[in-house]
>>> print(open('start-v7.cif').read())   # mmCIF, N, CA, C and O atoms
data_target
loop_
_atom_site.label_atom_id
_atom_site.label_comp_id
_atom_site.auth_asym_id
_atom_site.auth_seq_id
_atom_site.Cartn_x
_atom_site.Cartn_y
_atom_site.Cartn_z
N CYS A 1 -6.05 -12.96 -55.62
CA CYS A 1 -5.57 -12.30 -54.43
C CYS A 1 -4.23 -12.92 -54.04
O CYS A 1 -4.15 -14.11 -53.76
N SER A 2 -3.21 -12.13 -54.05
CA SER A 2 -1.89 -12.65 -53.70
C SER A 2 -1.65 -12.53 -52.20
O SER A 2 -2.32 -11.77 -51.49
N ILE A 3 -0.68 -13.28 -51.74
CA ILE A 3 -0.32 -13.22 -50.32
C ILE A 3 0.19 -11.84 -49.95
O ILE A 3 -0.15 -11.29 -48.91
N LEU A 4 0.98 -11.23 -50.86
CA LEU A 4 1.53 -9.90 -50.60
C LEU A 4 0.42 -8.86 -50.43
O LEU A 4 0.44 -8.07 -49.50
N SER A 5 -0.57 -8.89 -51.32
CA SER A 5 -1.65 -7.90 -51.20
C SER A 5 -2.48 -8.15 -49.94
O SER A 5 -2.94 -7.21 -49.30
N THR A 6 -2.65 -9.40 -49.56
CA THR A 6 -3.37 -9.71 -48.33
C THR A 6 -2.63 -9.18 -47.11
O THR A 6 -3.23 -8.61 -46.20
N VAL A 7 -1.31 -9.34 -47.10
CA VAL A 7 -0.49 -8.83 -46.00
C VAL A 7 -0.56 -7.31 -45.95
O VAL A 7 -0.70 -6.72 -44.88
N CYS A 8 -0.49 -6.65 -47.11
CA CYS A 8 -0.56 -5.19 -47.16
C CYS A 8 -1.89 -4.68 -46.62
O CYS A 8 -1.93 -3.73 -45.86
N VAL A 9 -2.98 -5.32 -47.03
CA VAL A 9 -4.30 -4.91 -46.55
C VAL A 9 -4.39 -5.14 -45.05
O VAL A 9 -4.88 -4.28 -44.31
N ALA A 10 -3.90 -6.26 -44.57
CA ALA A 10 -3.94 -6.55 -43.14
C ALA A 10 -3.12 -5.53 -42.36
O ALA A 10 -3.54 -5.07 -41.30
N ASP A 11 -1.96 -5.14 -42.89
CA ASP A 11 -1.13 -4.13 -42.23
C ASP A 11 -1.84 -2.78 -42.19
O ASP A 11 -1.79 -2.07 -41.19
N CYS A 12 -2.51 -2.41 -43.28
CA CYS A 12 -3.24 -1.14 -43.31
C CYS A 12 -4.38 -1.13 -42.31
O CYS A 12 -4.59 -0.15 -41.60
N VAL A 13 -5.12 -2.23 -42.24
CA VAL A 13 -6.23 -2.32 -41.29
C VAL A 13 -5.70 -2.24 -39.86
O VAL A 13 -6.25 -1.54 -39.01
N THR A 14 -4.61 -2.95 -39.58
CA THR A 14 -4.01 -2.92 -38.26
C THR A 14 -3.57 -1.50 -37.90
O THR A 14 -3.79 -1.04 -36.78
N ALA A 15 -2.96 -0.80 -38.86
CA ALA A 15 -2.52 0.57 -38.61
C ALA A 15 -3.70 1.48 -38.33
O ALA A 15 -3.67 2.31 -37.42
N LEU A 16 -4.78 1.35 -39.09
CA LEU A 16 -5.96 2.19 -38.87
C LEU A 16 -6.60 1.91 -37.52
O LEU A 16 -7.08 2.82 -36.85
N LEU A 17 -6.61 0.65 -37.11
CA LEU A 17 -7.20 0.32 -35.81
C LEU A 17 -6.38 0.87 -34.66
O LEU A 17 -6.90 1.06 -33.56
N ALA A 18 -5.10 1.14 -34.89
CA ALA A 18 -4.24 1.68 -33.85
C ALA A 18 -4.50 3.17 -33.60
O ALA A 18 -4.14 3.70 -32.56
N PHE A 19 -5.11 3.85 -34.56
CA PHE A 19 -5.39 5.27 -34.41
C PHE A 19 -6.62 5.48 -33.54
O PHE A 19 -7.53 4.64 -33.53
N PRO A 20 -6.66 6.60 -32.84
CA PRO A 20 -7.85 6.88 -32.03
C PRO A 20 -9.09 6.97 -32.93
O PRO A 20 -9.04 7.54 -34.02
N PRO A 21 -10.21 6.44 -32.49
CA PRO A 21 -11.43 6.49 -33.31
C PRO A 21 -11.88 7.92 -33.60
O PRO A 21 -12.58 8.17 -34.57
N GLN A 22 -11.44 8.86 -32.77
CA GLN A 22 -11.81 10.26 -32.99
C GLN A 22 -11.29 10.77 -34.34
O GLN A 22 -11.91 11.64 -34.95
N VAL A 23 -10.16 10.26 -34.78
CA VAL A 23 -9.60 10.70 -36.06
C VAL A 23 -10.54 10.30 -37.20
O VAL A 23 -10.81 11.09 -38.10
N LEU A 24 -11.06 9.09 -37.13
CA LEU A 24 -12.02 8.66 -38.14
C LEU A 24 -13.31 9.47 -38.04
O LEU A 24 -13.92 9.81 -39.07
N ASP A 25 -13.74 9.79 -36.82
CA ASP A 25 -14.93 10.63 -36.63
C ASP A 25 -14.72 11.99 -37.28
O ASP A 25 -15.62 12.52 -37.94
N TYR A 26 -13.53 12.56 -37.09
CA TYR A 26 -13.21 13.86 -37.69
C TYR A 26 -13.30 13.78 -39.21
O TYR A 26 -13.91 14.64 -39.85
N CYS A 27 -12.68 12.76 -39.78
CA CYS A 27 -12.69 12.60 -41.24
C CYS A 27 -14.11 12.41 -41.77
O CYS A 27 -14.47 12.97 -42.80
N GLU A 28 -14.90 11.62 -41.06
CA GLU A 28 -16.28 11.39 -41.48
C GLU A 28 -17.09 12.69 -41.40
O GLU A 28 -17.85 13.01 -42.30
N HIS A 29 -16.90 13.46 -40.34
CA HIS A 29 -17.64 14.72 -40.18
C HIS A 29 -17.28 15.71 -41.28
O HIS A 29 -18.15 16.45 -41.76
N HIS A 30 -16.02 15.76 -41.66
CA HIS A 30 -15.57 16.74 -42.65
C HIS A 30 -15.49 16.18 -44.07
O HIS A 30 -14.98 16.85 -44.97
N ARG A 31 -15.98 14.95 -44.26
CA ARG A 31 -15.98 14.35 -45.59
C ARG A 31 -16.79 15.22 -46.55
O ARG A 31 -17.83 15.76 -46.20
N GLY A 32 -16.29 15.37 -47.73
CA GLY A 32 -16.98 16.16 -48.73
C GLY A 32 -16.58 17.62 -48.75
O GLY A 32 -16.92 18.34 -49.69
N GLU A 33 -15.90 18.07 -47.72
CA GLU A 33 -15.43 19.46 -47.72
C GLU A 33 -14.23 19.56 -48.67
O GLU A 33 -13.39 18.66 -48.71
N PRO A 34 -14.15 20.65 -49.42
CA PRO A 34 -13.02 20.77 -50.35
C PRO A 34 -11.69 20.90 -49.61
O PRO A 34 -11.61 21.56 -48.56
N LEU A 35 -10.68 20.25 -50.14
CA LEU A 35 -9.35 20.37 -49.58
C LEU A 35 -8.71 21.65 -50.09
O LEU A 35 -8.78 21.95 -51.28
N PRO A 36 -8.11 22.43 -49.22
CA PRO A 36 -7.49 23.68 -49.67
C PRO A 36 -6.24 23.41 -50.50
O PRO A 36 -5.51 22.45 -50.26
N THR A 37 -6.05 24.26 -51.49
CA THR A 37 -4.82 24.20 -52.28
C THR A 37 -4.14 25.55 -52.20
O THR A 37 -4.79 26.57 -51.98
N ALA A 38 -2.85 25.56 -52.38
CA ALA A 38 -2.08 26.81 -52.28
C ALA A 38 -2.54 27.82 -53.32
O ALA A 38 -2.56 29.02 -53.07
N GLU A 39 -2.93 27.35 -54.49
CA GLU A 39 -3.34 28.26 -55.56
C GLU A 39 -4.74 28.83 -55.35
O GLU A 39 -5.05 29.92 -55.81
N SER A 40 -5.60 28.10 -54.63
CA SER A 40 -7.00 28.50 -54.54
C SER A 40 -7.30 29.44 -53.38
O SER A 40 -8.39 29.99 -53.31
N GLU A 41 -6.37 29.65 -52.48
CA GLU A 41 -6.66 30.48 -51.32
C GLU A 41 -5.73 31.68 -51.24
O GLU A 41 -4.54 31.58 -51.47
N SER A 42 -6.33 32.79 -50.88
CA SER A 42 -5.52 33.96 -50.60
C SER A 42 -5.05 33.88 -49.15
O SER A 42 -5.50 33.03 -48.38
N GLN A 43 -4.16 34.75 -48.78
CA GLN A 43 -3.64 34.76 -47.40
C GLN A 43 -4.78 35.04 -46.41
O GLN A 43 -4.82 34.45 -45.33
N ASP A 44 -5.71 35.94 -46.78
CA ASP A 44 -6.83 36.24 -45.89
C ASP A 44 -7.73 35.03 -45.68
O ASP A 44 -8.20 34.78 -44.58
N GLU A 45 -8.01 34.27 -46.76
CA GLU A 45 -8.85 33.09 -46.65
C GLU A 45 -8.18 32.04 -45.77
O GLU A 45 -8.83 31.39 -44.96
N THR A 46 -6.88 31.89 -45.90
CA THR A 46 -6.14 30.93 -45.09
C THR A 46 -6.19 31.32 -43.63
O THR A 46 -6.43 30.49 -42.76
N ARG A 47 -6.01 32.60 -43.34
CA ARG A 47 -6.05 33.08 -41.96
C ARG A 47 -7.43 32.85 -41.37
O ARG A 47 -7.55 32.39 -40.24
N LYS A 48 -8.49 33.14 -42.11
CA LYS A 48 -9.85 32.95 -41.62
C LYS A 48 -10.12 31.48 -41.36
O LYS A 48 -10.67 31.12 -40.33
N ARG A 49 -9.70 30.61 -42.26
CA ARG A 49 -9.94 29.18 -42.11
C ARG A 49 -9.23 28.62 -40.88
O ARG A 49 -9.73 27.73 -40.21
N THR A 50 -8.06 29.14 -40.57
CA THR A 50 -7.30 28.60 -39.45
C THR A 50 -7.65 29.27 -38.12
O THR A 50 -7.21 28.80 -37.08
N THR A 51 -8.40 30.37 -38.14
CA THR A 51 -8.77 31.02 -36.88
C THR A 51 -10.24 30.82 -36.52
O THR A 51 -10.63 31.05 -35.39
N ASP A 52 -11.07 30.42 -37.46
CA ASP A 52 -12.48 30.16 -37.20
C ASP A 52 -12.69 28.67 -36.98
O ASP A 52 -12.74 27.89 -37.92
N ILE A 53 -12.80 28.28 -35.72
CA ILE A 53 -12.99 26.88 -35.38
C ILE A 53 -14.46 26.69 -35.05
O ILE A 53 -15.00 27.36 -34.16
N GLY A 54 -15.11 25.79 -35.76
CA GLY A 54 -16.53 25.53 -35.55
C GLY A 54 -16.82 24.87 -34.22
O GLY A 54 -15.93 24.33 -33.55
N GLU A 55 -18.08 24.89 -33.83
CA GLU A 55 -18.50 24.32 -32.55
C GLU A 55 -18.19 22.83 -32.47
O GLU A 55 -17.73 22.33 -31.44
N TRP A 56 -18.43 22.10 -33.58
CA TRP A 56 -18.16 20.65 -33.58
C TRP A 56 -16.68 20.40 -33.33
O TRP A 56 -16.31 19.53 -32.55
N ASP A 57 -15.81 21.18 -34.00
CA ASP A 57 -14.37 21.01 -33.84
C ASP A 57 -13.91 21.37 -32.42
O ASP A 57 -13.02 20.74 -31.86
N GLN A 58 -14.52 22.40 -31.84
CA GLN A 58 -14.17 22.78 -30.47
C GLN A 58 -14.49 21.66 -29.50
O GLN A 58 -13.70 21.35 -28.61
N LYS A 59 -15.65 21.03 -29.68
CA LYS A 59 -16.02 19.90 -28.82
C LYS A 59 -15.10 18.71 -29.10
O LYS A 59 -14.76 17.97 -28.19
N PHE A 60 -14.73 18.55 -30.36
CA PHE A 60 -13.87 17.43 -30.76
C PHE A 60 -12.52 17.46 -30.03
O PHE A 60 -12.03 16.42 -29.61
N ILE A 61 -11.95 18.65 -29.88
CA ILE A 61 -10.62 18.73 -29.26
C ILE A 61 -10.69 18.91 -27.74
O ILE A 61 -9.66 19.04 -27.10
N ALA A 62 -11.88 18.89 -27.18
CA ALA A 62 -12.03 19.00 -25.72
C ALA A 62 -11.83 17.62 -25.09
O ALA A 62 -12.77 17.00 -24.59
N VAL A 63 -10.60 17.13 -25.17
CA VAL A 63 -10.23 15.82 -24.63
C VAL A 63 -9.02 15.99 -23.72
O VAL A 63 -8.40 17.06 -23.69
N ASP A 64 -8.68 14.93 -23.00
CA ASP A 64 -7.51 15.02 -22.13
C ASP A 64 -6.23 15.11 -22.96
O ASP A 64 -6.22 14.83 -24.16
N GLN A 65 -5.16 15.50 -22.32
CA GLN A 65 -3.89 15.76 -23.01
C GLN A 65 -3.34 14.51 -23.70
O GLN A 65 -2.81 14.59 -24.81
N GLU A 66 -3.50 13.36 -23.09
CA GLU A 66 -2.99 12.11 -23.68
C GLU A 66 -3.72 11.81 -24.99
O GLU A 66 -3.10 11.45 -26.00
N MET A 67 -5.06 11.96 -25.02
CA MET A 67 -5.82 11.71 -26.23
C MET A 67 -5.49 12.74 -27.30
O MET A 67 -5.37 12.41 -28.48
N LEU A 68 -5.32 13.99 -26.89
CA LEU A 68 -4.96 15.03 -27.85
C LEU A 68 -3.62 14.71 -28.51
O LEU A 68 -3.46 14.87 -29.72
N PHE A 69 -2.68 14.21 -27.74
CA PHE A 69 -1.38 13.82 -28.28
C PHE A 69 -1.54 12.67 -29.28
O PHE A 69 -0.91 12.68 -30.35
N GLU A 70 -2.38 11.70 -28.97
CA GLU A 70 -2.63 10.58 -29.89
C GLU A 70 -3.27 11.07 -31.19
O GLU A 70 -2.94 10.60 -32.28
N ILE A 71 -4.18 12.02 -31.08
CA ILE A 71 -4.83 12.59 -32.26
C ILE A 71 -3.80 13.33 -33.11
O ILE A 71 -3.78 13.21 -34.34
N ILE A 72 -2.91 14.08 -32.46
CA ILE A 72 -1.86 14.80 -33.18
C ILE A 72 -0.95 13.82 -33.92
O ILE A 72 -0.63 14.03 -35.10
N LEU A 73 -0.54 12.76 -33.26
CA LEU A 73 0.32 11.76 -33.90
C LEU A 73 -0.36 11.15 -35.12
O LEU A 73 0.25 11.01 -36.19
N ALA A 74 -1.63 10.79 -34.98
CA ALA A 74 -2.36 10.18 -36.08
C ALA A 74 -2.55 11.17 -37.23
O ALA A 74 -2.36 10.82 -38.40
N ALA A 75 -2.92 12.40 -36.91
CA ALA A 75 -3.13 13.41 -37.95
C ALA A 75 -1.83 13.70 -38.69
O ALA A 75 -1.83 13.87 -39.91
N ASN A 76 -0.74 13.72 -37.97
CA ASN A 76 0.56 13.95 -38.60
C ASN A 76 0.93 12.76 -39.50
O ASN A 76 1.32 12.94 -40.65
N TYR A 77 0.77 11.55 -39.00
CA TYR A 77 1.11 10.36 -39.76
C TYR A 77 0.25 10.23 -41.02
O TYR A 77 0.74 9.89 -42.09
N LEU A 78 -1.05 10.55 -40.88
CA LEU A 78 -1.97 10.45 -42.01
C LEU A 78 -1.98 11.70 -42.88
O LEU A 78 -2.71 11.76 -43.86
N ASP A 79 -1.21 12.71 -42.48
CA ASP A 79 -1.10 13.97 -43.21
C ASP A 79 -2.47 14.65 -43.37
O ASP A 79 -2.86 15.07 -44.46
N ILE A 80 -3.18 14.78 -42.25
CA ILE A 80 -4.48 15.46 -42.24
C ILE A 80 -4.24 16.88 -41.74
O ILE A 80 -4.34 17.19 -40.55
N LYS A 81 -3.86 17.75 -42.67
CA LYS A 81 -3.47 19.12 -42.32
C LYS A 81 -4.59 19.90 -41.64
O LYS A 81 -4.35 20.66 -40.71
N ALA A 82 -5.82 19.72 -42.09
CA ALA A 82 -6.94 20.45 -41.49
C ALA A 82 -7.11 20.07 -40.03
O ALA A 82 -7.39 20.93 -39.20
N LEU A 83 -6.92 18.81 -39.70
CA LEU A 83 -7.04 18.38 -38.31
C LEU A 83 -5.90 18.95 -37.47
O LEU A 83 -6.11 19.39 -36.35
N LEU A 84 -4.70 18.99 -38.03
CA LEU A 84 -3.59 19.60 -37.31
C LEU A 84 -3.85 21.08 -37.05
O LEU A 84 -3.53 21.58 -35.97
N CYS A 85 -4.45 21.77 -38.00
CA CYS A 85 -4.79 23.19 -37.79
C CYS A 85 -5.78 23.35 -36.65
O CYS A 85 -5.64 24.26 -35.83
N VAL A 86 -6.77 22.46 -36.57
CA VAL A 86 -7.74 22.54 -35.49
C VAL A 86 -7.08 22.28 -34.14
O VAL A 86 -7.31 23.00 -33.17
N VAL A 87 -6.24 21.28 -34.09
CA VAL A 87 -5.59 20.90 -32.83
C VAL A 87 -4.64 21.99 -32.33
O VAL A 87 -4.57 22.27 -31.15
N PHE A 88 -3.92 22.61 -33.25
CA PHE A 88 -2.93 23.60 -32.85
C PHE A 88 -3.47 25.02 -32.85
O PHE A 88 -2.74 25.97 -32.70
N TYR A 89 -4.78 25.19 -32.99
CA TYR A 89 -5.39 26.51 -32.96
C TYR A 89 -5.14 27.08 -31.63
O TYR A 89 -4.83 27.82 -31.03
#
>>> encode(input="start-v7.cif", output="structure tokens")
Amino acid sequence: CSILSTVCVADCVTALLAFPPQVLDYCEHHRGEPLPTAESESQDETRKRTTDIGEWDQKFIAVDQEMLFEIILAANYLDIKALLCVVFY
């Protein structure tokens, strides 16, 4: 274990701890779901996926504006496109 790798791991852990725990909850809830690819979806499938928000997701985004902003920042930074779609629905 090198000092550099230890520093990198520590930085990653620190960064993850700075994100709202709701982001990790979202990822855990949706773990195992297939990630959409541009080739695998038609325009109709994409429209349906982005307009049909499940009950869990609706409850997930029922937070105050400050928390919603923190979730948006984290989802953008972590490039969680599905979460951004839910937030901006």
>>> residues_around(input="start-v7.cif", residues="Lys59 in chain A", least_positions_apart="3", cutoff="12 Å", atoms="only C-alpha atoms", output="list in words")
Gln22, Tyr26, Ile53, Gly54, Glu55, Trp56, Ala62, Val63, Asp64, Val86 and Val87 of chain A
>>> atom_distance(input="start-v7.cif", atom1="atom C of Ala74 in chain A", atom2="atom C of Glu33 in chain A")
18.4 Å
>>> atom_distance(input="start-v7.cif", atom1="atom O of Leu73 in chain A", atom2="atom N of Phe19 in chain A")
9.1 Å
>>> atom_distance(input="start-v7.cif", atom1="CA of Val23 in chain A", atom2="CA of Ile71 in chain A")
6.4 Å
